[in-house]
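S.K.: Quick one: structure below, then a few questions.
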Amino acid sequence: MGMLDGVLGQVLQNVDVATLAAKVGLTPQQVEAALQALGQAHAAPGDTVGTAAASTGLSPATLQQLLQMIGGEETLAKVAAMLDAQGGVLGQLGTLASGFFAKR
């Protein structure tokens with residue numbers, strides 16, 4: 001979570017994964033996986049939230065709330081780009097997300 005928290009801190013003030021998790025009723029690991037799924041879905045054609053919901057099993061309402069809390073798709077694009085620039089962490093989070101949600 002450290003790198004994701006660092007990136008969120010650069011883009012948003014006083015926001016970290018644990019804070020987001022508490023506000024939407026998810027674990028920090030679920031929030032990381034959700035942000036990763038939203039980031040991948042943002043780069044793909046179609047509905048970002050719907051695509052992320054299909055890949056995570058989280059409700060579209062929860063993902064939409066999380067997306068709004070970070071500032072929408074524009075901020076999501078910034079976070080995804082910063083994570084990708086810092087060594088492809090978005091892909092590493094993808095592995096974490098697929099493992100996490102596969103166990104549910």
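Following the order of the structure tokens, first chain is A, next is B, and so on, with residues numbered from 1 inside each chain and ligands from 1 in the order they appear.
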Quick one: residues within 12 Å of Ala22 of chain A, only C-alpha atoms counted, chain neighbours fewer than 6 positions away excluded, as a PDB file with N, CA, C and O atoms, in the first residue's frame?
M.R.:
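Output contents, as saved in result04.pdb:
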ATOM      1  N   VAL A  15      -5.585  11.872   1.642  1.00  0.00           N
ATOM      2  CA  VAL A  15      -6.292  10.662   1.244  1.00  0.00           C
ATOM      3  C   VAL A  15      -5.283   9.529   1.163  1.00  0.00           C
ATOM      4  O   VAL A  15      -4.226   9.672   0.580  1.00  0.00           O
ATOM      5  N   ASP A  16      -5.635   8.417   1.779  1.00  0.00           N
ATOM      6  CA  ASP A  16      -4.830   7.214   1.648  1.00  0.00           C
ATOM      7  C   ASP A  16      -5.782   6.028   1.520  1.00  0.00           C
ATOM      8  O   ASP A  16      -6.991   6.154   1.642  1.00  0.00           O
ATOM      9  N   PRO A  28      -8.589  -2.322   3.052  1.00  0.00           N
ATOM     10  CA  PRO A  28      -7.589  -1.645   2.228  1.00  0.00           C
ATOM     11  C   PRO A  28      -7.179  -2.476   1.007  1.00  0.00           C
ATOM     12  O   PRO A  28      -6.971  -1.932  -0.077  1.00  0.00           O
ATOM     13  N   GLN A  29      -7.114  -3.791   1.164  1.00  0.00           N
ATOM     14  CA  GLN A  29      -6.763  -4.652   0.035  1.00  0.00           C
ATOM     15  C   GLN A  29      -7.833  -4.600  -1.052  1.00  0.00           C
ATOM     16  O   GLN A  29      -7.510  -4.583  -2.245  1.00  0.00           O
ATOM     17  N   GLN A  30      -9.093  -4.549  -0.662  1.00  0.00           N
ATOM     18  CA  GLN A  30     -10.171  -4.436  -1.641  1.00  0.00           C
ATOM     19  C   GLN A  30     -10.108  -3.096  -2.361  1.00  0.00           C
ATOM     20  O   GLN A  30     -10.364  -3.023  -3.565  1.00  0.00           O
ATOM     21  N   VAL A  31      -9.785  -2.034  -1.639  1.00  0.00           N
ATOM     22  CA  VAL A  31      -9.671  -0.716  -2.266  1.00  0.00           C
ATOM     23  C   VAL A  31      -8.522  -0.704  -3.262  1.00  0.00           C
ATOM     24  O   VAL A  31      -8.661  -0.184  -4.367  1.00  0.00           O
ATOM     25  N   LEU A  66     -16.247   5.149  -4.785  1.00  0.00           N
ATOM     26  CA  LEU A  66     -14.804   5.217  -4.665  1.00  0.00           C
ATOM     27  C   LEU A  66     -14.222   6.140  -5.730  1.00  0.00           C
ATOM     28  O   LEU A  66     -13.368   6.984  -5.444  1.00  0.00           O
ATOM     29  N   MET A  69     -14.832   9.673  -4.817  1.00  0.00           N
ATOM     30  CA  MET A  69     -14.021  10.090  -3.671  1.00  0.00           C
ATOM     31  C   MET A  69     -12.601  10.473  -4.073  1.00  0.00           C
ATOM     32  O   MET A  69     -11.983  11.316  -3.425  1.00  0.00           O
TER      33      MET A  69
END
S.K.: Between A:Val24, A:Thr62, A:Ala77, A:Glu32, which has the minimum distance to Ala44 of chain A (counting only C-alpha atoms)?
M.R.: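 Answer, going by the shortest atom-to-atom distance: A:Ala77.
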S.K.: Find the residue from A:Thr19, A:Thr75, A:Gln40, A:Gln68 that sits nearest to Thr56 of chain A; use only C-alpha atoms when measuring.
M.R.: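 Under the stated criterion, the closest residue is A:Gln40.
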S.K.: Between A:Ala81, A:Thr51, A:Gln65, A:Leu76, which has the minimum distance to Leu20 of chain A (counting only C-alpha atoms)?
M.R.: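 Among the listed residues, A:Gln65 lies closest to Leu20 of chain A.
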S.K.: Take atom CA of Thr48 of chain A and atom CA of Ala33 of chain A and report the distance between them in Å, one decimal.
M.R.: 14.3 Å
S.K.: List the spatial neighbours of Leu38 of chain A as a ChimeraX atom specification - criterion: any atom at most 7 Å away, only C-alpha atoms, same-chain residues fewer than 3 positions off excluded.
M.R.: /A:34-35,41-42,48-49,52
S.K.: What's around Gly50 of chain A at 10 Å? Count only C-alpha atoms, leave out sequence neighbours fewer than 3 positions away in its own chain, and write the answer as a list in words.
M.R.: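 My reading of the contact set: Leu38, Ala41, Gly46, Asp47, Ala53, Ala54, Ser55, Leu58, Ser59, Pro60, Ala61, Leu63 and Gln64 of chain A.
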S.K.: For the residues in that selection, give me C-alpha atoms as an mmCIF file, in the first residue's frame.
M.R.:
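What landed in selection32.cif:
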data_model
loop_
_atom_site.group_PDB
_atom_site.id
_atom_site.type_symbol
_atom_site.label_atom_id
_atom_site.label_comp_id
_atom_site.auth_asym_id
_atom_site.auth_seq_id
_atom_site.Cartn_x
_atom_site.Cartn_y
_atom_site.Cartn_z
ATOM 1 C CA LEU A 38 -10.755 1.021 -12.256
ATOM 2 C CA ALA A 41 -10.989 -0.237 -17.070
ATOM 3 C CA GLY A 46 -16.576 1.224 -22.543
ATOM 4 C CA ASP A 47 -17.933 1.993 -19.103
ATOM 5 C CA ALA A 53 -17.394 -4.191 -11.377
ATOM 6 C CA ALA A 54 -17.396 -7.180 -13.715
ATOM 7 C CA SER A 55 -13.736 -7.913 -13.001
ATOM 8 C CA LEU A 58 -17.784 -5.310 -6.303
ATOM 9 C CA SER A 59 -20.999 -3.422 -6.869
ATOM 10 C CA PRO A 60 -21.017 -0.602 -9.404
ATOM 11 C CA ALA A 61 -22.396 1.685 -6.683
ATOM 12 C CA LEU A 63 -16.942 1.535 -7.290
ATOM 13 C CA GLN A 64 -18.711 4.721 -8.371
#
